[in-house]
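target_6.cif (mmCIF, C-alpha atoms) appears below.
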```cif
data_entry
#
loop_
_atom_site.label_atom_id
_atom_site.label_comp_id
_atom_site.auth_asym_id
_atom_site.auth_seq_id
_atom_site.Cartn_x
_atom_site.Cartn_y
_atom_site.Cartn_z
CA MET A 85 27.23 6.48 -6.99
CA GLU A 86 25.11 8.15 -4.36
CA LEU A 87 26.76 10.04 -1.53
CA ASN A 88 26.30 8.61 1.94
CA LEU A 89 24.91 11.48 3.96
CA SER A 90 24.89 11.98 7.72
CA LEU A 91 24.78 14.84 10.20
CA GLU A 92 28.53 15.32 9.70
CA ASN A 93 28.47 16.09 5.99
CA PHE A 94 24.86 17.25 5.51
CA GLN A 95 25.69 20.97 5.84
CA LYS A 96 28.58 20.79 3.41
CA GLU A 97 27.16 18.40 0.83
CA VAL A 98 23.50 19.45 0.84
CA LEU A 99 22.84 22.84 2.42
CA ASN A 100 25.96 24.54 1.04
CA SER A 101 25.88 22.81 -2.33
CA ASN A 102 25.90 24.91 -5.50
CA ASP A 103 24.12 22.14 -7.40
CA PRO A 104 20.65 20.85 -6.53
CA VAL A 105 20.71 17.75 -4.32
CA LEU A 106 18.33 14.82 -4.34
CA VAL A 107 18.25 13.16 -0.92
CA ASP A 108 16.80 9.67 -0.36
CA PHE A 109 15.69 8.91 3.21
CA TYR A 110 15.63 5.11 3.53
CA ALA A 111 16.09 2.13 5.83
CA ASP A 112 17.38 -1.38 5.18
CA TRP A 113 14.23 -3.03 6.59
CA CYS A 114 11.82 -1.08 4.41
CA GLY A 115 10.46 -3.02 1.42
CA PRO A 116 9.40 -0.02 -0.66
CA CYS A 117 12.86 1.53 -0.05
CA LYS A 118 14.47 -1.55 -1.57
CA MET A 119 12.32 -1.10 -4.66
CA MET A 120 13.41 2.55 -4.91
CA ALA A 121 17.13 1.86 -4.38
CA PRO A 122 17.94 0.93 -8.02
CA VAL A 123 15.92 3.93 -9.23
CA VAL A 124 17.91 6.28 -7.01
CA GLU A 125 21.14 4.64 -8.15
CA SER A 126 20.34 5.22 -11.80
CA LEU A 127 19.23 8.79 -11.06
CA ALA A 128 22.70 9.38 -9.63
CA GLU A 129 24.18 8.31 -12.98
CA GLU A 130 21.76 10.28 -15.13
CA LEU A 131 21.99 13.48 -13.11
CA LYS A 132 25.80 13.52 -13.13
CA GLY A 133 27.03 17.08 -13.72
CA LYS A 134 23.54 18.46 -13.10
CA ALA A 135 22.74 17.51 -9.54
CA LYS A 136 24.06 15.51 -6.61
CA VAL A 137 22.29 12.43 -5.30
CA GLY A 138 22.68 11.32 -1.70
CA LYS A 139 21.09 8.87 0.68
CA ILE A 140 20.38 8.97 4.38
CA ASN A 141 19.89 5.85 6.45
CA VAL A 142 17.18 6.93 8.91
CA ASP A 143 18.17 4.27 11.44
CA GLN A 144 21.56 5.90 11.83
CA ASN A 145 20.38 9.47 11.28
CA GLN A 146 17.16 9.92 13.18
CA ASP A 147 17.97 13.56 13.93
CA LEU A 148 17.99 14.46 10.24
CA ALA A 149 14.74 12.59 9.66
CA ILE A 150 13.12 14.49 12.52
CA GLU A 151 14.53 17.84 11.40
CA TYR A 152 13.01 17.42 7.93
CA ASN A 153 9.74 15.91 9.17
CA VAL A 154 10.36 12.63 7.40
CA MET A 155 7.80 10.23 8.86
CA SER A 156 7.29 7.80 6.04
CA ILE A 157 9.89 6.09 3.90
CA PRO A 158 11.07 6.14 1.24
CA THR A 159 10.96 9.95 1.14
CA LEU A 160 12.96 11.80 -1.50
CA ILE A 161 13.61 15.51 -1.04
CA ILE A 162 15.13 17.90 -3.56
CA PHE A 163 17.19 20.72 -2.06
CA LYS A 164 18.06 23.82 -4.08
CA ASP A 165 20.22 26.51 -2.46
CA GLY A 166 19.86 24.69 0.83
CA LYS A 167 16.07 24.73 0.77
CA GLU A 168 13.54 21.99 0.18
CA THR A 169 11.82 22.53 -3.16
CA LYS A 170 10.10 19.21 -3.74
CA ARG A 171 9.23 16.06 -1.81
CA PHE A 172 8.24 12.60 -3.03
CA VAL A 173 6.81 10.05 -0.61
CA GLY A 174 6.64 6.37 -1.54
CA VAL A 175 7.69 4.47 -4.64
CA ARG A 176 7.86 6.78 -7.66
CA ASP A 177 8.66 6.65 -11.32
CA LYS A 178 12.16 7.70 -12.33
CA ASN A 179 10.86 10.16 -14.94
CA GLU A 180 8.63 11.90 -12.44
CA ILE A 181 11.73 12.73 -10.40
CA LEU A 182 13.93 13.51 -13.42
CA ASN A 183 11.36 16.07 -14.58
CA GLU A 184 12.16 18.19 -11.55
CA PHE A 185 15.72 18.81 -12.79
CA MET B 636 3.48 -23.47 -0.23
CA TYR B 637 1.08 -22.27 -2.91
CA ASP B 638 2.10 -21.52 -6.46
CA VAL B 639 -0.29 -18.60 -6.53
CA ILE B 640 -2.54 -16.81 -4.08
CA ILE B 641 -5.22 -14.65 -5.62
CA ILE B 642 -6.78 -11.95 -3.45
CA GLY B 643 -10.29 -11.14 -4.59
CA ALA B 644 -12.99 -13.31 -6.15
CA GLY B 645 -14.48 -11.02 -8.79
CA PRO B 646 -14.20 -11.54 -12.56
CA ALA B 647 -10.45 -10.71 -12.60
CA GLY B 648 -9.41 -12.99 -9.74
CA ILE B 649 -11.65 -15.89 -10.76
CA SER B 650 -10.53 -15.71 -14.41
CA ALA B 651 -6.89 -15.82 -13.33
CA SER B 652 -7.62 -18.88 -11.16
CA LEU B 653 -9.28 -20.78 -14.03
CA TYR B 654 -6.02 -20.66 -15.96
CA THR B 655 -3.63 -21.35 -13.10
CA GLN B 656 -5.75 -24.23 -11.74
CA ARG B 657 -6.06 -25.84 -15.18
CA ALA B 658 -2.29 -25.61 -15.50
CA ASN B 659 -2.10 -27.64 -12.27
CA LEU B 660 -0.71 -24.80 -10.21
CA LYS B 661 -1.58 -24.95 -6.51
CA THR B 662 -4.00 -22.05 -6.39
CA LEU B 663 -5.70 -20.35 -3.43
CA ILE B 664 -8.25 -17.56 -3.63
CA ILE B 665 -8.81 -15.50 -0.48
CA TYR B 666 -11.67 -13.03 -0.35
CA LYS B 667 -13.80 -11.23 2.17
CA LYS B 668 -17.41 -12.24 1.89
CA THR B 669 -19.06 -9.36 3.69
CA GLU B 670 -17.49 -6.83 1.39
CA ILE B 671 -19.95 -6.11 -1.40
CA SER B 672 -18.09 -6.00 -4.69
CA ALA B 673 -18.71 -3.68 -7.61
CA LEU B 674 -20.11 -6.61 -9.60
CA GLU B 675 -22.56 -7.58 -6.85
CA LYS B 676 -23.83 -4.03 -6.80
CA ALA B 677 -24.62 -4.13 -10.52
CA ASN B 678 -28.33 -4.81 -10.60
CA GLU B 679 -28.55 -5.95 -14.19
CA VAL B 680 -25.58 -6.72 -16.43
CA SER B 681 -26.76 -6.54 -20.01
CA ASN B 682 -23.60 -5.56 -21.85
CA TYR B 683 -21.59 -8.71 -21.24
CA TYR B 684 -21.25 -11.40 -23.89
CA GLY B 685 -23.56 -14.40 -23.94
CA PHE B 686 -26.44 -13.56 -21.59
CA GLU B 687 -29.45 -13.12 -23.83
CA LYS B 688 -31.62 -11.63 -21.11
CA GLY B 689 -28.85 -10.02 -19.13
CA ILE B 690 -27.86 -11.31 -15.70
CA LYS B 691 -27.90 -9.91 -12.20
CA GLY B 692 -24.44 -8.84 -11.04
CA LYS B 693 -24.81 -10.79 -7.83
CA GLU B 694 -25.74 -13.95 -9.70
CA LEU B 695 -22.80 -13.67 -12.10
CA TYR B 696 -20.44 -13.12 -9.15
CA GLY B 697 -21.76 -16.25 -7.41
CA LYS B 698 -21.52 -18.30 -10.61
CA GLY B 699 -17.89 -17.24 -11.03
CA ILE B 700 -16.97 -18.47 -7.57
CA LYS B 701 -18.84 -21.77 -8.14
CA GLN B 702 -17.03 -22.25 -11.43
CA ALA B 703 -13.67 -21.95 -9.70
CA VAL B 704 -14.76 -24.29 -6.88
CA ASN B 705 -15.96 -26.87 -9.43
CA LEU B 706 -12.54 -26.78 -11.06
CA GLY B 707 -10.95 -27.55 -7.71
CA VAL B 708 -9.63 -24.12 -6.76
CA GLU B 709 -9.25 -23.70 -2.99
CA ILE B 710 -11.25 -20.75 -1.77
CA LEU B 711 -11.01 -19.18 1.67
CA GLU B 712 -13.36 -16.55 3.06
CA GLU B 713 -11.12 -14.49 5.29
CA GLU B 714 -9.88 -10.96 5.27
CA VAL B 715 -6.30 -10.52 4.10
CA THR B 716 -4.60 -8.01 6.39
CA ASN B 717 -1.02 -8.03 5.16
CA ILE B 718 1.29 -9.20 2.40
CA LYS B 719 5.03 -9.45 2.91
CA GLN B 720 7.80 -10.23 0.49
CA GLU B 721 10.33 -12.73 1.80
CA GLY B 722 13.12 -13.38 -0.66
CA ASN B 723 11.47 -14.66 -3.82
CA GLN B 724 8.28 -15.59 -1.99
CA PHE B 725 5.31 -13.90 -0.43
CA LYS B 726 3.61 -14.29 2.92
CA VAL B 727 -0.10 -13.57 2.84
CA GLU B 728 -1.64 -12.96 6.27
CA THR B 729 -5.14 -12.90 7.69
CA LEU B 730 -5.82 -12.39 11.40
CA LYS B 731 -6.04 -16.19 11.78
CA ASN B 732 -3.70 -17.64 9.15
CA LYS B 733 -0.44 -17.18 7.30
CA PHE B 734 0.16 -18.64 3.85
CA ASP B 735 3.33 -18.86 1.75
CA SER B 736 3.13 -18.46 -1.99
CA LYS B 737 5.50 -18.15 -4.92
CA THR B 738 3.31 -15.51 -6.58
CA VAL B 739 0.42 -13.21 -5.65
CA ILE B 740 -2.29 -11.75 -7.85
CA LEU B 741 -4.04 -8.65 -6.50
CA ALA B 742 -7.62 -8.46 -7.73
CA THR B 743 -9.67 -6.80 -5.02
CA GLY B 744 -11.24 -4.18 -7.24
CA ASN B 745 -11.18 -0.46 -6.99
CA LYS B 746 -11.99 0.44 -3.45
CA ARG B 747 -11.00 3.80 -2.24
CA ASN B 748 -10.07 3.51 1.39
CA LYS B 749 -8.84 7.02 1.88
CA PRO B 750 -11.25 8.64 4.30
CA ASN B 751 -12.69 11.90 3.15
CA ILE B 752 -11.30 13.98 6.00
CA LYS B 753 -9.87 17.47 5.70
CA GLY B 754 -6.09 17.53 6.07
CA ILE B 755 -5.40 13.86 5.31
CA GLU B 756 -3.76 14.40 1.93
CA LEU B 757 -1.95 17.52 3.07
CA PHE B 758 -0.02 15.58 5.73
CA GLU B 759 0.77 12.41 3.77
CA GLY B 760 4.32 11.47 4.73
CA LYS B 761 4.22 14.11 7.48
CA GLY B 762 2.36 12.13 10.08
CA ILE B 763 -0.26 10.43 7.90
CA SER B 764 0.82 6.91 7.00
CA TYR B 765 -0.76 4.00 5.18
CA CYS B 766 1.61 1.33 6.45
CA ALA B 767 2.30 0.51 10.10
CA ILE B 768 5.13 -1.90 9.41
CA CYS B 769 6.92 0.64 7.16
CA ASP B 770 6.51 3.80 9.21
CA GLY B 771 6.01 2.64 12.81
CA PHE B 772 9.70 3.31 13.40
CA PHE B 773 9.09 7.08 13.21
CA PHE B 774 6.61 6.94 16.07
CA LYS B 775 8.64 5.19 18.74
CA ASN B 776 7.14 6.09 22.14
CA LYS B 777 4.71 8.49 20.51
CA ASN B 778 0.94 8.72 20.61
CA VAL B 779 -0.72 7.63 17.41
CA ALA B 780 -4.22 7.15 16.05
CA ILE B 781 -5.44 4.51 13.65
CA ILE B 782 -8.43 5.32 11.48
CA GLY B 783 -10.35 2.12 10.88
CA ASN B 784 -12.90 -0.28 12.26
CA GLY B 785 -12.15 -3.87 11.23
CA ASP B 786 -9.58 -6.67 10.98
CA TYR B 787 -7.27 -4.46 8.96
CA ALA B 788 -7.21 -1.79 11.68
CA ILE B 789 -6.59 -4.48 14.33
CA SER B 790 -3.72 -5.93 12.33
CA GLU B 791 -2.13 -2.49 11.96
CA THR B 792 -2.65 -1.95 15.70
CA MET B 793 -0.77 -5.17 16.47
CA ASP B 794 2.11 -4.05 14.26
CA LEU B 795 2.38 -0.80 16.23
CA GLN B 796 1.66 -1.97 19.77
CA ASN B 797 5.23 -2.69 20.80
CA ILE B 798 6.65 0.44 19.22
CA VAL B 799 4.41 3.36 20.13
CA LYS B 800 3.32 4.72 23.51
CA SER B 801 -0.42 4.73 22.92
CA ILE B 802 -2.87 3.91 20.17
CA THR B 803 -6.32 5.38 19.71
CA ILE B 804 -8.44 3.57 17.17
CA LEU B 805 -10.80 6.07 15.56
CA THR B 806 -13.80 4.39 13.95
CA ASN B 807 -15.03 7.70 12.54
CA GLY B 808 -18.66 6.99 13.42
CA GLN B 809 -18.57 3.29 12.47
CA GLU B 810 -19.13 0.26 14.68
CA MET B 811 -16.21 -2.02 15.42
CA PRO B 812 -15.70 -5.56 16.74
CA GLU B 813 -14.58 -5.82 20.37
CA TYR B 814 -10.84 -5.39 20.71
CA ARG B 815 -8.97 -4.95 23.97
CA ALA B 816 -5.29 -4.31 24.56
CA GLU B 817 -3.30 -2.50 27.17
CA ASN B 818 -2.38 0.73 25.44
CA VAL B 819 -5.27 0.86 22.99
CA ASP B 820 -8.35 3.06 23.20
CA ILE B 821 -11.31 3.05 20.85
CA VAL B 822 -13.12 6.28 20.01
CA LYS B 823 -16.24 6.12 17.89
CA LYS B 824 -16.79 9.83 17.28
CA GLU B 825 -16.89 11.26 13.78
CA ILE B 826 -13.73 13.02 12.67
CA ASP B 827 -13.85 16.53 11.30
CA GLU B 828 -10.29 17.52 10.51
CA VAL B 829 -6.58 16.78 10.89
CA ILE B 830 -4.72 19.82 12.18
CA GLY B 831 -1.05 20.75 12.29
CA GLU B 832 1.51 23.23 11.15
CA LYS B 833 4.31 21.33 9.47
CA ARG B 834 3.08 17.91 10.52
CA VAL B 835 0.13 16.19 12.13
CA GLU B 836 -0.52 17.57 15.61
CA LYS B 837 -4.20 17.21 16.45
CA ILE B 838 -7.45 15.62 15.40
CA LYS B 839 -10.64 17.61 15.69
CA PHE B 840 -13.93 15.74 15.97
CA LYS B 841 -17.32 16.87 14.71
CA ASP B 842 -18.37 17.59 18.31
CA ASN B 843 -15.47 20.11 18.42
CA SER B 844 -13.41 18.05 20.87
CA ILE B 845 -9.72 17.68 20.09
CA ILE B 846 -7.06 15.05 20.76
CA LYS B 847 -3.32 15.46 20.34
CA VAL B 848 -1.50 12.86 18.23
CA ASP B 849 1.93 12.52 16.65
CA GLY B 850 0.79 10.36 13.79
CA ILE B 851 -2.23 8.83 12.10
CA PHE B 852 -2.31 5.46 10.37
CA VAL B 853 -5.09 4.95 7.85
CA ALA B 854 -6.53 1.43 7.89
CA GLN B 855 -10.15 1.94 7.04
CA GLY B 856 -12.46 -0.87 5.97
CA VAL B 857 -11.02 -3.93 4.26
CA ALA B 858 -7.51 -3.47 2.90
CA GLY B 859 -7.53 -3.48 -0.87
CA SER B 860 -5.04 -4.15 -3.64
CA THR B 861 -3.59 -0.65 -3.51
CA GLU B 862 -2.81 -0.88 0.20
CA PHE B 863 -1.06 -4.23 -0.22
CA ALA B 864 0.80 -2.98 -3.27
CA ARG B 865 2.04 0.04 -1.35
CA LYS B 866 3.26 -2.11 1.53
CA VAL B 867 5.44 -4.31 -0.62
CA GLY B 868 6.68 -1.39 -2.70
CA ALA B 869 4.73 -1.73 -5.94
CA LYS B 870 4.40 1.39 -8.02
CA ILE B 871 1.12 3.27 -7.65
CA GLN B 872 -0.07 6.19 -9.69
CA ASN B 873 -3.29 8.09 -8.96
CA ASP B 874 -4.32 5.31 -6.57
CA LYS B 875 -4.02 2.69 -9.33
CA ILE B 876 -1.43 -0.08 -9.41
CA VAL B 877 1.03 0.33 -12.28
CA VAL B 878 1.33 -2.86 -14.38
CA ASN B 879 2.89 -3.73 -17.72
CA ASP B 880 1.15 -5.52 -20.62
CA ALA B 881 1.51 -8.86 -18.84
CA MET B 882 -0.11 -7.53 -15.63
CA GLU B 883 3.23 -7.61 -13.82
CA THR B 884 3.94 -4.95 -11.20
CA ASN B 885 7.49 -3.71 -10.67
CA ILE B 886 7.89 -6.54 -8.11
CA LYS B 887 8.77 -9.98 -9.44
CA GLY B 888 5.98 -12.45 -8.76
CA LEU B 889 3.38 -9.79 -7.90
CA TYR B 890 0.55 -9.18 -10.37
CA ALA B 891 -2.52 -6.96 -10.42
CA CYS B 892 -5.61 -7.14 -12.58
CA GLY B 893 -9.14 -5.80 -12.87
CA ASP B 894 -10.42 -2.49 -11.54
CA CYS B 895 -7.37 -1.91 -9.31
CA THR B 896 -5.22 -1.20 -12.37
CA GLY B 897 -7.55 1.55 -13.64
CA GLY B 898 -8.93 1.90 -17.16
CA LEU B 899 -12.39 0.62 -18.06
CA TYR B 900 -14.47 -0.60 -15.14
CA GLN B 901 -16.00 -3.41 -17.20
CA ILE B 902 -16.34 -7.14 -16.60
CA SER B 903 -14.79 -7.86 -19.99
CA LYS B 904 -11.69 -5.87 -19.10
CA ALA B 905 -11.38 -7.60 -15.71
CA VAL B 906 -11.74 -11.02 -17.34
CA TYR B 907 -9.13 -10.14 -19.96
CA GLU B 908 -6.65 -8.89 -17.39
CA GLY B 909 -7.30 -11.85 -15.08
CA THR B 910 -6.60 -14.16 -18.00
CA LYS B 911 -3.34 -12.37 -18.77
CA ALA B 912 -2.25 -12.42 -15.13
CA GLY B 913 -3.03 -16.15 -14.85
CA LEU B 914 -1.10 -16.96 -18.02
CA GLN B 915 1.83 -14.82 -16.96
CA VAL B 916 2.02 -16.59 -13.58
CA ILE B 917 2.21 -19.90 -15.47
CA ASN B 918 5.01 -18.55 -17.69
CA TYR B 919 6.88 -17.12 -14.74
CA LEU B 920 6.77 -20.32 -12.67
CA MET B 921 7.84 -22.40 -15.67
CA SER B 922 10.96 -20.28 -16.05
CA PHE B 923 12.47 -21.72 -12.86
#
```

So, in terms of structure tokens, how does the structure I just supplied come out?
Amino acid sequence: MELNLSLENFQKEVLNSNDPVLVDFYADWCGPCKMMAPVVESLAEELKGKAKVGKINVDQNQDLAIEYNVMSIPTLIIFKDGKETKRFVGVRDKNEILNEF
Amino acid sequence: MYDVIIIGAGPAGISASLYTQRANLKTLIIYKKTEISALEKANEVSNYYGFEKGIKGKELYGKGIKQAVNLGVEILEEEVTNIKQEGNQFKVETLKNKFDSKTVILATGNKRNKPNIKGIELFEGKGISYCAICDGFFFKNKNVAIIGNGDYAISETMDLQNIVKSITILTNGQEMPEYRAENVDIVKKEIDEVIGEKRVEKIKFKDNSIIKVDGIFVAQGVAGSTEFARKVGAKIQNDKIVVNDAMETNIKGLYACGDCTGGLYQISKAVYEGTKAGLQVINYLMSF
């Protein structure tokens, strides 16, 4: 299961995390996001023990989207040691993302 | 409600229609006539089966369309500006009409609509967007530009009008049909570069003038298969639509065939893929 992220737990779960974190910025009304949702869900399973996977609803968390310059969804960002190391914009292949871990 | 709407009337799209029409599926082909296709540009086709003296690309293209018409396929000459997925169906839109269909086949060829402007790729997802309906949300009350000069640019403008503060349509040196709306400006100067630090901030023109923008939507020329695919969430790799052996995209009911899937840019390959897409649509609709 993916973690539901928001401003309240972002610091603790993402920026202070010892493991890498994959964060999915999405919205319910976004078609391409719906196509990515099952991919992100299965990434959460496959990366268990290796990395965390979380999702951010941009409708409810506009501040986080603005802070990380997310202006197109779906956007997936990998954070390592609290810093962005890789960004994927749009629908992507699962393996392309897995290869980053 | 159509069983299948095919976008594009080249060898891939027409071949698909021959199979779906003969299987009695309600078939509609929509294509833009003024757009010169790759086949029409081919002066002499002499490597395609059965033409002993070769054939002009333009003639073969015309014959294909006539063949489909003779079979009873409905053909509409309009520019498709948007495709939406609604449940298990699709809505295909032009500026004048909206059509519902159970399936859609993308076969508009391999047009590259990305303008060759410095900075565009650098800011993809950071202010550069290819889909107004997807990303308009991020530009609420902001000033945006749309790069484009036709129906597609107008359709993207209409999607953004009620969300953003102002829209500047940049034709990048091209002419554009008359279009007037309250918060829309049209600038015909040639663009030199997109500038910004972490995200899009300014556009510099070739005459060295600069405008400030928060975002840029790319809607140049006639929207092609890749643009539509991106909007509904189909997988794209290296600007080509990803399909399986049966020409299915990752979206149920959405198919792509011909040059837009990459590989050999040959008529034979487009015909083959169009055939497969047509047959797969028949299979898919029979499974209900």

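The list of residues with at least one atom within 7 Å of range 134-147 of chain A, based on all atoms listed in the file and without residues fewer than 6 positions apart in the same chain, reads Glu86, Leu87, Asn88, Leu89, Ser90, Asp103, Pro104, Val105, Leu106, Val107, Asp108, Phe109, Tyr110, Ala111 and Ala128 of chain A.
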
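The closest residue to chain B, picked from A:Val154, A:Leu182, A:Leu99, A:Leu91 and counting all atoms listed in the file, is A:Val154.
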
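For the residues A:Asp112, A:Glu130, A:Glu125, A:Glu184, ranking by smallest atom-to-atom distance to chain B using all atoms listed in the file places A:Asp112 first.
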
List every residue of chain A that has an atom at most 6 Å from any atom of chain B, and for each one report the closest atom pair and its distance in Å to one decimal, counting all atoms listed in the file, with rows sorted by chain and then by increasing residue number, as JSON lines.
```
{"residue": "A:Cys114", "atom": "CA", "partner": "B:Cys769", "partner_atom": "CA", "distance": 5.9}
{"residue": "A:Gly115", "atom": "CA", "partner": "B:Val867", "partner_atom": "CA", "distance": 5.6}
{"residue": "A:Pro116", "atom": "CA", "partner": "B:Gly868", "partner_atom": "CA", "distance": 3.7}
{"residue": "A:Met119", "atom": "CA", "partner": "B:Gly868", "partner_atom": "CA", "distance": 6.0}
{"residue": "A:Met155", "atom": "CA", "partner": "B:Lys761", "partner_atom": "CA", "distance": 5.5}
{"residue": "A:Ser156", "atom": "CA", "partner": "B:Gly760", "partner_atom": "CA", "distance": 4.9}
{"residue": "A:Val175", "atom": "CA", "partner": "B:Lys870", "partner_atom": "CA", "distance": 5.6}
```

Run the PyMOL selection byres ((chain B and resi 842) around 12) mentally over the shown coordinates, then write out the matched residues as a PDB file with C-alpha atoms, in the frame of the given file, using the chain letters and numbers from the document.
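Saved to part_2.pdb:
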```pdb
ATOM      1  CA  ASN B 807     -15.030   7.700  12.540  1.00  0.00           C
ATOM      2  CA  GLY B 808     -18.660   6.990  13.420  1.00  0.00           C
ATOM      3  CA  LYS B 823     -16.240   6.120  17.890  1.00  0.00           C
ATOM      4  CA  LYS B 824     -16.790   9.830  17.280  1.00  0.00           C
ATOM      5  CA  GLU B 825     -16.890  11.260  13.780  1.00  0.00           C
ATOM      6  CA  ILE B 826     -13.730  13.020  12.670  1.00  0.00           C
ATOM      7  CA  ASP B 827     -13.850  16.530  11.300  1.00  0.00           C
ATOM      8  CA  GLU B 828     -10.290  17.520  10.510  1.00  0.00           C
ATOM      9  CA  ILE B 838      -7.450  15.620  15.400  1.00  0.00           C
ATOM     10  CA  LYS B 839     -10.640  17.610  15.690  1.00  0.00           C
ATOM     11  CA  PHE B 840     -13.930  15.740  15.970  1.00  0.00           C
ATOM     12  CA  LYS B 841     -17.320  16.870  14.710  1.00  0.00           C
ATOM     13  CA  ASN B 843     -15.470  20.110  18.420  1.00  0.00           C
ATOM     14  CA  SER B 844     -13.410  18.050  20.870  1.00  0.00           C
ATOM     15  CA  ILE B 845      -9.720  17.680  20.090  1.00  0.00           C
ATOM     16  CA  ILE B 846      -7.060  15.050  20.760  1.00  0.00           C
TER      17      ILE B 846
END
```

**Prompt:** Evaluating the PyMOL selection byres ((chain B and resi 812) around 8) on the displayed file yields which residues, as an MDAnalysis selection string?
**Reply:** chainID B and resid 784:785 810:811 813:814

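Atom to atom, CA of Ile851 in chain B and CA of Lys746 in chain B stand 20.2 Å apart.
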
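Picked by the PyMOL selection byres ((chain B and resi 909-923) around 8) from the coordinates shown: B:Asp638, B:Val639, B:Pro646, B:Ala647, B:Gly648, B:Ile649, B:Ser650, B:Ala651, B:Ser652, B:Leu653, B:Tyr654, B:Thr655, B:Ala658, B:Leu660, B:Thr738, B:Ile740, B:Ala881, B:Met882, B:Glu883, B:Gly888, B:Tyr890, B:Ala891, B:Cys892, B:Gly893, B:Ala905, B:Val906, B:Tyr907, B:Glu908.
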
**Item:** Separation of CA of Lys96 in chain A from CA of Ile150 in chain A, in Å and rounded to one decimal
**Value:** 19.0 Å

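Taking CA of Ile710 in chain B as the reference point, CA of Ile664 in chain B is found at 4.8 Å.
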
**Request:** Please identify all polymer residues within 12 Å of Gly685 in chain B, counting all atoms listed in the file, omitting same-chain residues fewer than 4 positions from it, and present them as a ChimeraX atom specification.
**Result:** /B:680-681,689-690,695,903

Once 8 Å is added on each side, what centre and edge lengths in Å to one decimal does the axis-aligned box around all listed atoms of range 726-738 of chain B have, as AutoDock Vina command-line options?
```
--center_x -0.3 --center_y -15.6 --center_z 2.6 --size_x 27.5 --size_y 22.5 --size_z 34.4
```
